[in-house]
Each structure stands twice: as C-alpha cells, then as structure tokens.
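Text of run_13.tsv, listed as TSV, C-alpha atoms:
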```tsv
chain	number	residue	atom	x	y	z
A	1321	MET	CA	89.03	96.01	93.86
A	1322	ALA	CA	92.83	95.84	93.79
A	1323	TRP	CA	93.55	99.55	93.48
A	1324	LEU	CA	97.23	99.95	94.31
A	1325	THR	CA	100.42	97.94	94.46
A	1326	SER	CA	102.08	97.51	97.85
A	1327	ASP	CA	104.64	100.18	96.96
A	1328	GLU	CA	101.89	102.65	96.07
A	1329	ARG	CA	100.04	101.93	99.30
A	1330	ARG	CA	103.14	102.85	101.11
A	1331	GLY	CA	104.05	106.19	99.67
A	1332	ARG	CA	84.96	97.49	71.46
A	1333	TRP	CA	81.80	98.42	72.28
A	1334	THR	CA	79.48	100.02	69.75
A	1335	ARG	CA	79.16	103.81	69.74
A	1336	ALA	CA	75.97	103.52	71.78
A	1337	GLY	CA	77.81	101.35	74.26
A	1338	LEU	CA	80.58	103.90	74.57
A	1339	LEU	CA	78.09	106.64	75.35
A	1340	ARG	CA	76.27	104.49	77.87
A	1341	ALA	CA	79.51	103.74	79.69
A	1342	ALA	CA	80.53	107.37	79.94
A	1343	ALA	CA	77.08	108.63	80.82
A	1344	GLY	CA	76.72	105.85	83.34
A	1345	ALA	CA	79.47	107.31	85.47
A	1346	GLY	CA	77.45	110.46	86.09
A	1347	ALA	CA	74.21	108.56	86.54
A	1348	ALA	CA	75.81	106.19	89.02
A	1349	ALA	CA	77.11	109.11	91.04
A	1350	THR	CA	73.59	110.52	91.34
A	1351	GLY	CA	72.22	107.13	92.31
A	1352	ALA	CA	74.94	106.62	94.87
A	1353	ALA	CA	74.06	109.86	96.63
A	1354	ALA	CA	70.42	108.82	96.82
A	1355	LEU	CA	71.28	105.40	98.21
A	1356	ALA	CA	73.57	106.88	100.81
A	1357	ALA	CA	70.82	109.23	101.94
A	1358	ARG	CA	68.34	106.36	102.33
A	1359	GLY	CA	70.58	103.69	103.79
A	1360	GLY	CA	73.32	103.21	106.31
A	1361	ASP	CA	77.03	102.60	105.92
A	1362	ASN	CA	76.55	99.34	104.00
A	1363	ALA	CA	74.35	101.01	101.39
A	1364	SER	CA	76.81	103.88	101.08
A	1365	GLN	CA	79.77	101.57	100.64
A	1366	ALA	CA	77.99	99.47	98.03
A	1367	ALA	CA	76.94	102.59	96.12
A	1368	SER	CA	80.49	103.94	96.23
A	1369	ALA	CA	81.85	100.69	94.82
A	1370	ASP	CA	79.32	100.85	91.98
A	1371	VAL	CA	80.24	104.46	91.20
A	1372	ASP	CA	83.95	103.63	91.20
A	1373	ALA	CA	83.35	100.72	88.83
A	1374	GLU	CA	81.31	102.84	86.40
A	1375	ILE	CA	83.89	105.61	86.30
A	1376	LEU	CA	86.91	103.33	86.09
A	1377	ASN	CA	85.24	101.49	83.21
A	1378	ALA	CA	84.89	104.82	81.40
A	1379	PHE	CA	88.62	105.38	81.96
A	1380	LEU	CA	89.35	101.82	80.79
A	1381	LEU	CA	87.35	102.35	77.64
A	1382	LEU	CA	89.34	105.43	76.65
A	1383	GLU	CA	92.65	103.81	77.59
A	1384	ARG	CA	91.78	100.87	75.34
A	1385	VAL	CA	90.95	103.24	72.50
A	1386	GLN	CA	94.33	104.92	73.00
A	1387	GLU	CA	96.18	101.62	73.11
A	1388	GLY	CA	94.53	100.48	69.89
A	1389	PHE	CA	95.25	103.81	68.22
A	1390	TYR	CA	98.99	103.66	68.93
A	1391	ARG	CA	99.19	100.02	67.90
A	1392	GLU	CA	97.52	100.73	64.57
A	1393	ALA	CA	99.53	103.91	63.99
A	1394	LEU	CA	102.81	102.03	64.38
A	1395	ALA	CA	101.64	99.56	61.75
A	1396	ARG	CA	100.07	102.01	59.32
A	1397	ALA	CA	100.99	105.68	59.74
A	1398	ARG	CA	104.60	105.51	58.46
A	1399	LEU	CA	105.93	107.17	61.59
A	1400	SER	CA	109.60	108.05	61.94
A	1401	GLY	CA	111.89	109.97	64.24
A	1402	GLU	CA	110.41	111.32	67.46
A	1403	LEU	CA	106.85	110.58	66.37
A	1404	HIS	CA	107.80	106.91	66.14
A	1405	SER	CA	109.61	107.02	69.48
A	1406	TYR	CA	106.58	108.67	71.06
A	1407	ALA	CA	104.16	106.08	69.69
A	1408	VAL	CA	106.31	103.18	70.88
A	1409	ALA	CA	106.74	104.57	74.39
A	1410	VAL	CA	103.19	105.79	74.89
A	1411	GLY	CA	101.66	102.68	73.34
A	1412	ALA	CA	103.45	100.62	75.97
A	1413	GLN	CA	102.25	102.95	78.72
A	1414	GLU	CA	98.65	102.70	77.52
A	1415	ARG	CA	98.90	98.90	77.57
A	1416	HIS	CA	100.07	99.20	81.16
A	1417	HIS	CA	97.15	101.49	82.01
A	1418	VAL	CA	94.72	99.01	80.48
A	1419	ALA	CA	96.26	96.20	82.53
A	1420	ARG	CA	96.14	98.23	85.75
A	1421	LEU	CA	92.50	99.26	85.27
A	1422	THR	CA	91.46	95.76	84.25
A	1423	LYS	CA	93.09	94.32	87.35
A	1424	ALA	CA	91.52	96.96	89.60
A	1425	LEU	CA	88.06	96.31	88.18
A	1426	GLY	CA	88.35	92.53	88.25
A	1427	ALA	CA	85.08	90.89	87.25
A	1428	ARG	CA	83.53	94.34	86.75
A	1429	ALA	CA	85.84	95.20	83.83
A	1430	ALA	CA	83.88	95.85	80.65
A	1431	ALA	CA	84.61	94.16	77.35
A	1432	ALA	CA	87.14	95.69	74.98
A	1433	PRO	CA	85.68	98.12	72.42
A	1434	ARG	CA	85.74	97.72	68.67
A	1435	THR	CA	87.52	100.62	67.01
A	1436	ASP	CA	87.81	101.92	63.47
A	1437	PHE	CA	90.41	104.67	63.27
A	1438	GLY	CA	90.11	105.21	59.53
A	1439	GLU	CA	91.97	108.35	58.48
A	1440	ALA	CA	93.25	108.93	62.02
A	1441	THR	CA	96.26	106.69	61.30
A	1442	SER	CA	96.64	107.47	57.61
A	1443	SER	CA	99.66	109.79	57.90
A	1444	PRO	CA	102.15	111.19	60.42
A	1445	ARG	CA	100.39	114.55	60.38
A	1446	ARG	CA	96.98	113.06	61.07
A	1447	PHE	CA	98.47	110.81	63.75
A	1448	GLY	CA	99.86	113.82	65.58
A	1449	GLU	CA	96.55	115.67	65.48
A	1450	ILE	CA	94.54	112.73	66.78
A	1451	ALA	CA	97.15	111.80	69.39
A	1452	ILE	CA	96.77	115.27	70.88
A	1453	GLU	CA	92.98	114.95	70.82
A	1454	LEU	CA	93.08	111.55	72.51
A	1455	GLU	CA	95.50	112.59	75.23
A	1456	GLU	CA	93.60	115.80	75.95
A	1457	ALA	CA	90.35	113.82	76.04
A	1458	ALA	CA	91.80	111.37	78.54
A	1459	ILE	CA	92.93	114.18	80.83
A	1460	ALA	CA	89.54	115.91	80.58
A	1461	LEU	CA	87.72	112.68	81.43
A	1462	TYR	CA	89.95	111.96	84.43
A	1463	VAL	CA	89.62	115.53	85.71
A	1464	GLY	CA	85.87	115.61	85.15
A	1465	GLN	CA	85.11	112.33	86.90
A	1466	ALA	CA	87.73	112.29	89.70
A	1467	PRO	CA	85.49	114.18	92.20
A	1468	ASN	CA	82.94	111.35	91.98
A	1469	LEU	CA	85.45	108.67	93.00
A	1470	THR	CA	86.13	107.41	96.48
A	1471	GLN	CA	89.43	108.52	98.01
A	1472	GLN	CA	91.04	105.15	97.35
A	1473	ALA	CA	89.98	105.09	93.71
A	1474	MET	CA	90.98	108.72	93.22
A	1475	THR	CA	94.48	107.98	94.52
A	1476	PHE	CA	94.72	105.12	92.04
A	1477	ALA	CA	93.46	107.26	89.13
A	1478	ALA	CA	95.96	110.00	89.97
A	1479	THR	CA	98.83	107.63	89.17
A	1480	LEU	CA	97.46	107.30	85.63
A	1481	VAL	CA	96.32	110.84	84.85
A	1482	SER	CA	99.74	112.26	85.76
A	1483	VAL	CA	101.24	110.11	83.01
A	1484	GLU	CA	98.50	111.12	80.55
A	1485	ALA	CA	99.44	114.75	81.19
A	1486	ARG	CA	103.08	114.05	80.38
A	1487	GLN	CA	102.06	112.22	77.22
A	1488	ALA	CA	99.94	115.17	76.11
A	1489	ALA	CA	102.79	117.62	76.69
A	1490	TRP	CA	105.20	115.35	74.80
A	1491	ILE	CA	103.11	114.98	71.65
A	1492	ARG	CA	102.17	118.65	71.62
A	1493	ASN	CA	105.85	119.56	71.74
A	1494	VAL	CA	106.69	117.09	68.96
A	1495	VAL	CA	104.13	118.57	66.57
A	1496	GLY	CA	105.15	122.12	67.43
A	1497	VAL	CA	102.32	123.48	69.57
A	1498	PRO	CA	102.62	124.74	73.17
A	1499	PRO	CA	102.99	121.74	75.51
A	1500	ALA	CA	101.11	123.42	78.36
A	1501	PRO	CA	98.59	125.82	76.80
A	1502	ARG	CA	96.53	126.33	79.96
A	1503	ALA	CA	97.18	126.99	83.64
A	1504	ALA	CA	94.41	124.52	84.53
A	1505	ASP	CA	92.65	121.81	82.54
A	1506	PRO	CA	88.85	122.12	82.42
A	1507	PRO	CA	86.74	119.07	83.30
A	1508	ARG	CA	84.51	117.54	80.65
A	1509	ARG	CA	81.62	115.10	80.84
A	1510	GLY	CA	82.18	111.64	79.44
A	1511	ALA	CA	79.55	112.01	76.74
A	1512	GLU	CA	81.13	115.30	75.64
A	1513	VAL	CA	84.59	113.72	75.43
A	1514	LEU	CA	83.35	110.83	73.32
A	1515	ALA	CA	81.30	113.10	71.05
A	1516	GLY	CA	84.46	115.07	70.31
A	1517	LEU	CA	86.33	111.89	69.40
A	1518	ARG	CA	83.54	110.89	67.06
A	1519	ARG	CA	83.78	114.24	65.32
A	1520	GLU	CA	87.48	113.54	64.79
A	1521	GLY	CA	86.60	110.17	63.25
A	1522	VAL	CA	88.25	108.09	65.98
A	1523	LEU	CA	85.04	106.47	67.20
A	1524	ARG	CA	82.38	105.06	64.89
```
Is it possible to express this structure as structure tokens?
Amino acid sequence: MAWLTSDERRGRWTRAGLLRAAAGAGAAATGAAALAARGGDNASQAASADVDAEILNAFLLLERVQEGFYREALARARLSGELHSYAVAVGAQERHHVARLTKALGARAAAAPRTDFGEATSSPRRFGEIAIELEEAAIALYVGQAPNLTQQAMTFAATLVSVEARQAAWIRNVVGVPPAPRAADPPRRGAEVLAGLRREGVLR
C-alpha cells in the first residue's frame, strides 16, 4: 500500500455494511494475532496487511460520510459566515483524506457508502451539532483503532487524525462550546461510533 508521500517518508454501504466494516477491524486484529502465533514472518506480514486494510477501510468509510455531509450542507443548510467558511475548508480537507486513504488502500478500498443525512443538514444549527458529532467520532475511531495498525500505517493515519482534531476544535469554537473539553480523547470501538451516528440520524 502507498502509505506516505516522499516528503512524509523523509520527515455507501448499507447500515449493516457499515457495522461489518467497523467491527471487522477488531475481528481482523484478533485473527492477525492468531496467525502470527501459528506462522512465521510471512504469515505475520500478511495478517498485518489485512488488519491495516480493514482498519483503514473503516477510516475511509467515516471520511466519506464526512465528505458527503459537508457537500450536502453547503447545498442545503443555508450556511453563512464562519460556518460557511468552515464547511468549505473542511469539506475540501475531507475530500483529500478520502483520496489519500483510497490511494493507500489501492484495490482493497471499499465502495463508497450511500448516505441519507435528512435533518442533519436542514439548518445551520443542526449542521453545527452534527459536524461536532462527526468530527469527534472520527477522532474516537482513529484513537481507538490506531494501536492495531502497523507502525507504517499508524504514521500515515497520524497525518489525518491531527487534522481531524483541528477541525473538531474549529467547529466547537464556532458554535460556542469549549474547543478542547478534555485533556485526552477516549478511544471508542467502531461499532460504538457508528451506533452514535445512527442515533443522530446521520446514518440510515
């Protein structure tokens, strides 16, 4: 997989499909450990590649949801001022994240999900609420799954999650809530993250 650029080296699915992708990251990690215990270096390397692909596809799924959310919000939510500036800037960043993850995964990249944001993009207020939820969910997913990645994949993911953290702080500040409410972000399982987004009406 093409994880990093040369400069960096130097320095929709259905709801059931979404849950399978996120849960698969944890299942693949368990399977990888078992394979490594039974086999030699080749088995370990193959298992690690499979784990990386499962986890990066979970990241890709959420990044695609985010990208679609910002695109629809710009068309529908009647955004203005800093909310509009935020959506334009972050939407472009999410498109970049999708492109980076898709390139890294290559032939392993999963198909784009189908989304139905409904009331999530119905107003500026609702947009702000869901934008916070999405950005916090992305951070929680990255933090929760990073320990299961290989070192190379973790280095790649770190270049994305650092931006997600800035995005979360930005939108929280725009809507008037503390931009950094915690000293450390807790990890969350993929299935838990996606269940929370369903409760918010983002995923159907």
Between CA of Asn1493 in chain A and CA of Asp1505 in chain A, measure the distance and give it in Å to one decimal.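 Computed distance, CA of Asn1493 in chain A to CA of Asp1505 in chain A, equals 17.2 Å.
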Neighbour list for Leu1382 in chain A as an MDAnalysis selection string, cut-off 9 Å, all atoms listed in the file, skip fewer than 3 positions in-chain: chainID A and resid 1377:1379 1385:1387 1454 1457:1458 1461 1514
What is the distance, in Å and to one decimal place, between CA of Glu1484 in chain A and CA of Gln1465 in chain A? 14.9 Å
Can you work out which one of A:Gly1510, A:His1417, A:Ala1430, A:Leu1425 has the shortest atom-to-atom distance to Ser1482 in chain A, counting all atoms listed in the file? A:His1417
Pick out the closest residue to Ala1500 in chain A from this set: A:Val1513, A:Ile1452, A:Val1463, A:Val1408. Count only C-alpha atoms.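 Comparing A:Val1513, A:Ile1452, A:Val1463, A:Val1408 against Ala1500 in chain A, the winner is A:Ile1452.
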One number please: CA of Gln1471 in chain A to CA of Ala1427 in chain A, in Å, one decimal.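 These two atoms are separated by 21.1 Å.
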Taking only C-alpha atoms into account, which of A:Ser1442, A:Thr1422, A:Thr1435, A:Ser1368 comes nearest Leu1394 in chain A? A:Ser1442
For each of A:Gln1472, A:Glu1383, A:Arg1445, A:Asp1436, take the minimum atom-to-atom distance to Ala1412 in chain A, counting all atoms listed in the file, then give the residue where this is smallest.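 Going through A:Gln1472, A:Glu1383, A:Arg1445, A:Asp1436 one by one, the smallest distance to Ala1412 in chain A is for A:Glu1383.
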Around range 1433-1446 of chain A, with edges along x, y and z and 3 Å added on all six sides, what centre and edge lengths do you get, in Å to one decimal, as JSON?
```
{"center_x": 93.9, "center_y": 106.1, "center_z": 65.0, "size_x": 22.5, "size_y": 22.8, "size_z": 20.8}
```
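Counting all atoms listed in the file, the residue from A:Gly1464, A:Gly1401, A:Gly1388, A:Pro1506 that sits nearest to Pro1433 in chain A is A:Gly1388.
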Using all atoms listed in the file, the shortest atom-to-atom distance to Leu1381 in chain A among A:Ala1409, A:Ala1395, A:Ala1466, A:Leu1421 belongs to A:Leu1421
Residue contacts of Ala1489 in chain A (12 Å, all atoms listed in the file) excluding same-chain residues fewer than 4 positions away, as a ChimeraX atom specification: /A:1406,1410,1451-1453,1455-1456,1459,1482-1485,1493-1502
Find the residues around Arg1384 in chain A up to 8 Å (all atoms listed in the file counted), leave out those fewer than 5 positions away in its own chain, and share them as a short mmCIF file (atom, residue, chain, number, x, y, z; two decimals) with C-alpha atoms, keeping the file's coordinate frame.
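result39.cif, written as the output of this step:
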```
data_model
loop_
_atom_site.label_atom_id
_atom_site.label_comp_id
_atom_site.auth_asym_id
_atom_site.auth_seq_id
_atom_site.Cartn_x
_atom_site.Cartn_y
_atom_site.Cartn_z
CA GLU A 1414 98.65 102.70 77.52
CA ARG A 1415 98.90 98.90 77.57
CA VAL A 1418 94.72 99.01 80.48
CA ALA A 1432 87.14 95.69 74.98
CA PRO A 1433 85.68 98.12 72.42
#
```
